Amino acid sequence: MDRVDREIISLLQENGRVSLSKIAKAINFSVMGVKKRLEKLEKSGMLKIRSLLNTDQLGLKLAILAVEMENAEAIEKAVEKFRECPRVLRFFVTTGSYNFFALVVAEDYHTLESISIEKCSLRSQEGIRRFEIYPVQDIYYSKYFDINVIPKKALDIAPCGVHCASCSRYQSERCVGCPATIHYRGVL
């Protein structure tokens, strides 16, 4: 990545919808030159352009899950089980007493509680020694996150294997369900 690539990326970070001609004008480059550089950055895996959602505008709640996992195998199993979960924004493997973290999203605090204690939660997986949840109160710099929006709710069973309709918290309307299922009652 050179100076020109950094300038292109910086302009896209300010406005992901900026036109190639505006980028070209700003960096004194041809439109075709900008297009080729963007294609090269995307093909190399250096850059991916996606839409981000404002969690405040949608009334969404974020939380950080701190987990002490027994071993690497337990971490791999959890990552695989929740690979398609629309509530998990990111997993992080770290060193220290808590060696596995997740950034998760929910529509309200009841649903956040559900995804921390029910069968669909990371806490219910094998290999967990300790688990703590930290609801995010304030977000600084940017409230935009890469949240998976599933336009067609076609699944009866959530990607993690749980059936929302059979959950007592869902039945008592203390959880909106999984955004990937036909049972979902939230904004995503």
# chains A, B, ... in the order shown; residues from 1 in each chain; ligands from 1

call {"tool": "select_by_dssp", "arguments": {"residues": "chain A", "states": "strand (DSSP E or B)", "output": "PyMOL selection string"}}
result
chain A and resi 53-54+61-69+88-93+100-106+128-135+144-145+155+181

call {"tool": "write_last_selection", "arguments": {"atoms": "N, CA and C atoms", "output": "mmCIF file, in the first residue's frame"}}
result
data_model
loop_
_atom_site.group_PDB
_atom_site.id
_atom_site.type_symbol
_atom_site.label_atom_id
_atom_site.label_comp_id
_atom_site.auth_asym_id
_atom_site.auth_seq_id
_atom_site.Cartn_x
_atom_site.Cartn_y
_atom_site.Cartn_z
ATOM 1 N N LEU A 53 -24.231 0.206 9.769
ATOM 2 C CA LEU A 53 -25.481 0.703 10.332
ATOM 3 C C LEU A 53 -25.232 1.456 11.628
ATOM 4 N N ASN A 54 -26.021 2.497 11.844
ATOM 5 C CA ASN A 54 -25.933 3.303 13.054
ATOM 6 C C ASN A 54 -26.757 2.629 14.146
ATOM 7 N N LYS A 61 -28.543 -2.432 21.010
ATOM 8 C CA LYS A 61 -27.640 -2.503 22.163
ATOM 9 C C LYS A 61 -26.447 -3.385 21.795
ATOM 10 N N LEU A 62 -25.276 -2.955 22.184
ATOM 11 C CA LEU A 62 -24.058 -3.746 21.982
ATOM 12 C C LEU A 62 -23.571 -4.244 23.332
ATOM 13 N N ALA A 63 -22.884 -5.361 23.301
ATOM 14 C CA ALA A 63 -22.277 -5.882 24.524
ATOM 15 C C ALA A 63 -20.979 -6.583 24.160
ATOM 16 N N ILE A 64 -20.075 -6.585 25.122
ATOM 17 C CA ILE A 64 -18.819 -7.313 24.985
ATOM 18 C C ILE A 64 -18.899 -8.508 25.917
ATOM 19 N N LEU A 65 -18.686 -9.683 25.369
ATOM 20 C CA LEU A 65 -18.675 -10.908 26.161
ATOM 21 C C LEU A 65 -17.228 -11.295 26.413
ATOM 22 N N ALA A 66 -16.870 -11.454 27.661
ATOM 23 C CA ALA A 66 -15.519 -11.889 28.042
ATOM 24 C C ALA A 66 -15.627 -13.333 28.509
ATOM 25 N N VAL A 67 -14.858 -14.203 27.876
ATOM 26 C CA VAL A 67 -14.981 -15.628 28.146
ATOM 27 C C VAL A 67 -13.607 -16.236 28.384
ATOM 28 N N GLU A 68 -13.540 -17.074 29.402
ATOM 29 C CA GLU A 68 -12.344 -17.889 29.590
ATOM 30 C C GLU A 68 -12.691 -19.278 29.067
ATOM 31 N N MET A 69 -12.039 -19.661 27.983
ATOM 32 C CA MET A 69 -12.271 -20.966 27.371
ATOM 33 C C MET A 69 -11.200 -21.937 27.861
ATOM 34 N N VAL A 88 -23.589 -11.975 16.429
ATOM 35 C CA VAL A 88 -22.159 -11.872 16.725
ATOM 36 C C VAL A 88 -21.506 -11.004 15.646
ATOM 37 N N LEU A 89 -20.999 -9.846 16.063
ATOM 38 C CA LEU A 89 -20.338 -8.958 15.110
ATOM 39 C C LEU A 89 -18.881 -9.352 14.908
ATOM 40 N N ARG A 90 -18.220 -9.762 15.983
ATOM 41 C CA ARG A 90 -16.808 -10.158 15.911
ATOM 42 C C ARG A 90 -16.465 -11.064 17.075
ATOM 43 N N PHE A 91 -15.537 -11.982 16.822
ATOM 44 C CA PHE A 91 -14.877 -12.753 17.867
ATOM 45 C C PHE A 91 -13.432 -12.317 17.910
ATOM 46 N N PHE A 92 -12.841 -12.344 19.095
ATOM 47 C CA PHE A 92 -11.437 -11.996 19.286
ATOM 48 C C PHE A 92 -10.799 -13.043 20.196
ATOM 49 N N VAL A 93 -9.684 -13.584 19.789
ATOM 50 C CA VAL A 93 -8.910 -14.482 20.640
ATOM 51 C C VAL A 93 -7.761 -13.663 21.192
ATOM 52 N N PHE A 100 -11.087 -15.181 25.119
ATOM 53 C CA PHE A 100 -12.023 -15.150 24.003
ATOM 54 C C PHE A 100 -13.040 -14.049 24.270
ATOM 55 N N PHE A 101 -13.192 -13.145 23.325
ATOM 56 C CA PHE A 101 -14.141 -12.042 23.462
ATOM 57 C C PHE A 101 -15.068 -12.032 22.256
ATOM 58 N N ALA A 102 -16.269 -11.526 22.472
ATOM 59 C CA ALA A 102 -17.218 -11.360 21.380
ATOM 60 C C ALA A 102 -17.878 -9.995 21.508
ATOM 61 N N LEU A 103 -18.113 -9.374 20.373
ATOM 62 C CA LEU A 103 -18.915 -8.162 20.315
ATOM 63 C C LEU A 103 -20.251 -8.594 19.715
ATOM 64 N N VAL A 104 -21.333 -8.398 20.486
ATOM 65 C CA VAL A 104 -22.653 -8.855 20.060
ATOM 66 C C VAL A 104 -23.645 -7.700 20.027
ATOM 67 N N VAL A 105 -24.739 -7.908 19.301
ATOM 68 C CA VAL A 105 -25.768 -6.876 19.155
ATOM 69 C C VAL A 105 -27.129 -7.476 19.496
ATOM 70 N N ALA A 106 -27.992 -6.644 20.106
ATOM 71 C CA ALA A 106 -29.360 -7.046 20.428
ATOM 72 C C ALA A 106 -30.265 -5.827 20.314
ATOM 73 N N ILE A 128 -16.455 -23.665 28.592
ATOM 74 C CA ILE A 128 -16.474 -22.341 29.217
ATOM 75 C C ILE A 128 -16.089 -22.475 30.687
ATOM 76 N N ARG A 129 -15.072 -21.745 31.093
ATOM 77 C CA ARG A 129 -14.708 -21.709 32.518
ATOM 78 C C ARG A 129 -15.370 -20.524 33.217
ATOM 79 N N ARG A 130 -15.246 -19.356 32.600
ATOM 80 C CA ARG A 130 -15.855 -18.129 33.151
ATOM 81 C C ARG A 130 -16.455 -17.335 32.004
ATOM 82 N N PHE A 131 -17.479 -16.546 32.333
ATOM 83 C CA PHE A 131 -18.186 -15.761 31.329
ATOM 84 C C PHE A 131 -18.676 -14.475 31.987
ATOM 85 N N GLU A 132 -18.416 -13.373 31.354
ATOM 86 C CA GLU A 132 -18.957 -12.096 31.832
ATOM 87 C C GLU A 132 -19.480 -11.319 30.645
ATOM 88 N N ILE A 133 -20.534 -10.561 30.898
ATOM 89 C CA ILE A 133 -21.106 -9.732 29.843
ATOM 90 C C ILE A 133 -21.042 -8.273 30.270
ATOM 91 N N TYR A 134 -20.614 -7.431 29.344
ATOM 92 C CA TYR A 134 -20.493 -6.001 29.599
ATOM 93 C C TYR A 134 -21.323 -5.236 28.572
ATOM 94 N N PRO A 135 -22.546 -4.837 28.931
ATOM 95 C CA PRO A 135 -23.329 -4.015 28.002
ATOM 96 C C PRO A 135 -22.603 -2.694 27.741
ATOM 97 N N TYR A 144 -21.334 3.505 13.899
ATOM 98 C CA TYR A 144 -21.641 2.666 12.746
ATOM 99 C C TYR A 144 -20.922 1.329 12.862
ATOM 100 N N PHE A 145 -21.682 0.233 12.656
ATOM 101 C CA PHE A 145 -21.117 -1.104 12.776
ATOM 102 C C PHE A 145 -21.561 -1.977 11.609
ATOM 103 N N LEU A 155 -35.473 -19.188 7.704
ATOM 104 C CA LEU A 155 -35.129 -20.335 8.547
ATOM 105 C C LEU A 155 -36.122 -20.521 9.690
ATOM 106 N N THR A 181 -34.384 -15.972 11.388
ATOM 107 C CA THR A 181 -35.511 -16.909 11.367
ATOM 108 C C THR A 181 -36.857 -16.242 11.072
#

call {"tool": "select_by_dssp", "arguments": {"residues": "segment 6-169 of chain A", "states": "helix (DSSP H, G or I)", "output": "ChimeraX atom specification"}}
result
/A:6-14,20-27,31-43,55-58,72-81,109-117,122-124,164-166,168-169

call {"tool": "residues_around", "arguments": {"residues": "segment 108-117 of chain A", "least_positions_apart": "5", "cutoff": "7 Å", "atoms": "only C-alpha atoms", "output": "list in words"}}
result
Leu60, Lys61, Leu122, Arg123, Ser124, Arg174, Cys175 and Val176 of chain A

call {"tool": "atom_distance", "arguments": {"atom1": "atom CA of Gly16 of chain A", "atom2": "atom CA of Lys153 of chain A"}}
result
27.5 Å

call {"tool": "residues_around", "arguments": {"residues": "segment 4-8 of chain A", "least_positions_apart": "4", "cutoff": "8 Å", "atoms": "only C-alpha atoms", "output": "ChimeraX atom specification"}}
result
/A:12,23,27,34,37-38

call {"tool": "closest_residue", "arguments": {"among": "A:Glu126, A:Asn28, A:Tyr140, A:Asp2", "to": "Glu76 of chain A", "atoms": "only C-alpha atoms"}}
result
A:Glu126

call {"tool": "residues_around", "arguments": {"residues": "Pro159 of chain A", "least_positions_apart": "2", "cutoff": "9 Å", "atoms": "only C-alpha atoms", "output": "ChimeraX atom specification"}}
result
/A:81-86,155,157,161-162,178,180-181

call {"tool": "atom_distance", "arguments": {"atom1": "atom CA of Glu173 of chain A", "atom2": "atom CA of Gln125 of chain A"}}
result
24.0 Å

call {"tool": "decode", "arguments": {"residues": "segment 34-69 of chain A", "atoms": "N, CA and C atoms", "output": "CSV table (one decimal), in the first residue's frame"}}
result
chain,number,residue,atom,x,y,z
A,34,VAL,N,-7.7,5.2,-10.6
A,34,VAL,CA,-8.4,5.0,-9.3
A,34,VAL,C,-9.1,3.7,-9.3
A,35,LYS,N,-9.9,3.4,-10.4
A,35,LYS,CA,-10.6,2.2,-10.5
A,35,LYS,C,-9.7,1.0,-10.5
A,36,LYS,N,-8.6,1.0,-11.2
A,36,LYS,CA,-7.7,-0.1,-11.1
A,36,LYS,C,-7.1,-0.3,-9.8
A,37,ARG,N,-6.7,0.8,-9.1
A,37,ARG,CA,-6.2,0.6,-7.7
A,37,ARG,C,-7.2,0.1,-6.8
A,38,LEU,N,-8.5,0.5,-6.9
A,38,LEU,CA,-9.5,0.0,-6.0
A,38,LEU,C,-9.7,-1.5,-6.3
A,39,GLU,N,-9.8,-1.9,-7.5
A,39,GLU,CA,-9.9,-3.3,-7.9
A,39,GLU,C,-8.7,-4.1,-7.3
A,40,LYS,N,-7.5,-3.6,-7.4
A,40,LYS,CA,-6.4,-4.3,-6.9
A,40,LYS,C,-6.4,-4.5,-5.4
A,41,LEU,N,-6.9,-3.4,-4.7
A,41,LEU,CA,-7.0,-3.4,-3.2
A,41,LEU,C,-8.0,-4.5,-2.8
A,42,GLU,N,-9.2,-4.5,-3.6
A,42,GLU,CA,-10.2,-5.5,-3.2
A,42,GLU,C,-9.8,-6.9,-3.5
A,43,LYS,N,-9.2,-7.1,-4.7
A,43,LYS,CA,-8.7,-8.5,-5.0
A,43,LYS,C,-7.7,-9.0,-4.1
A,44,SER,N,-6.8,-8.1,-3.6
A,44,SER,CA,-5.8,-8.6,-2.6
A,44,SER,C,-6.3,-8.8,-1.2
A,45,GLY,N,-7.6,-8.4,-1.0
A,45,GLY,CA,-8.1,-8.6,0.3
A,45,GLY,C,-7.8,-7.5,1.3
A,46,MET,N,-7.1,-6.5,0.8
A,46,MET,CA,-6.8,-5.3,1.6
A,46,MET,C,-8.0,-4.4,2.0
A,47,LEU,N,-9.0,-4.4,1.1
A,47,LEU,CA,-10.1,-3.5,1.2
A,47,LEU,C,-11.4,-4.2,0.9
A,48,LYS,N,-12.4,-3.9,1.7
A,48,LYS,CA,-13.8,-4.4,1.4
A,48,LYS,C,-14.7,-3.3,1.7
A,49,ILE,N,-15.5,-3.0,0.7
A,49,ILE,CA,-16.5,-1.9,0.9
A,49,ILE,C,-17.8,-2.5,1.3
A,50,ARG,N,-18.3,-2.0,2.4
A,50,ARG,CA,-19.6,-2.5,3.0
A,50,ARG,C,-20.4,-1.4,3.6
A,51,SER,N,-21.7,-1.7,3.8
A,51,SER,CA,-22.5,-0.7,4.4
A,51,SER,C,-22.4,-0.9,5.9
A,52,LEU,N,-22.5,0.2,6.7
A,52,LEU,CA,-22.4,0.1,8.1
A,52,LEU,C,-23.7,0.7,8.6
A,53,LEU,N,-24.2,0.2,9.8
A,53,LEU,CA,-25.5,0.7,10.3
A,53,LEU,C,-25.2,1.5,11.6
A,54,ASN,N,-26.0,2.5,11.8
A,54,ASN,CA,-25.9,3.3,13.1
A,54,ASN,C,-26.8,2.6,14.1
A,55,THR,N,-26.1,2.1,15.2
A,55,THR,CA,-26.8,1.4,16.2
A,55,THR,C,-27.7,2.3,17.0
A,56,ASP,N,-27.4,3.6,17.2
A,56,ASP,CA,-28.3,4.5,17.9
A,56,ASP,C,-29.6,4.7,17.2
A,57,GLN,N,-29.5,4.9,15.9
A,57,GLN,CA,-30.6,5.2,15.0
A,57,GLN,C,-31.6,4.0,15.1
A,58,LEU,N,-31.0,2.8,15.2
A,58,LEU,CA,-31.9,1.6,15.2
A,58,LEU,C,-32.3,1.1,16.6
A,59,GLY,N,-31.7,1.8,17.6
A,59,GLY,CA,-32.0,1.5,19.0
A,59,GLY,C,-31.4,0.2,19.4
A,60,LEU,N,-30.3,-0.2,18.8
A,60,LEU,CA,-29.7,-1.5,19.1
A,60,LEU,C,-28.7,-1.3,20.3
A,61,LYS,N,-28.5,-2.4,21.0
A,61,LYS,CA,-27.6,-2.5,22.2
A,61,LYS,C,-26.4,-3.4,21.8
A,62,LEU,N,-25.3,-3.0,22.2
A,62,LEU,CA,-24.1,-3.7,22.0
A,62,LEU,C,-23.6,-4.2,23.3
A,63,ALA,N,-22.9,-5.4,23.3
A,63,ALA,CA,-22.3,-5.9,24.5
A,63,ALA,C,-21.0,-6.6,24.2
A,64,ILE,N,-20.1,-6.6,25.1
A,64,ILE,CA,-18.8,-7.3,25.0
A,64,ILE,C,-18.9,-8.5,25.9
A,65,LEU,N,-18.7,-9.7,25.4
A,65,LEU,CA,-18.7,-10.9,26.2
A,65,LEU,C,-17.2,-11.3,26.4
A,66,ALA,N,-16.9,-11.5,27.7
A,66,ALA,CA,-15.5,-11.9,28.0
A,66,ALA,C,-15.6,-13.3,28.5
A,67,VAL,N,-14.9,-14.2,27.9
A,67,VAL,CA,-15.0,-15.6,28.1
A,67,VAL,C,-13.6,-16.2,28.4
A,68,GLU,N,-13.5,-17.1,29.4
A,68,GLU,CA,-12.3,-17.9,29.6
A,68,GLU,C,-12.7,-19.3,29.1
A,69,MET,N,-12.0,-19.7,28.0
A,69,MET,CA,-12.3,-21.0,27.4
A,69,MET,C,-11.2,-21.9,27.9
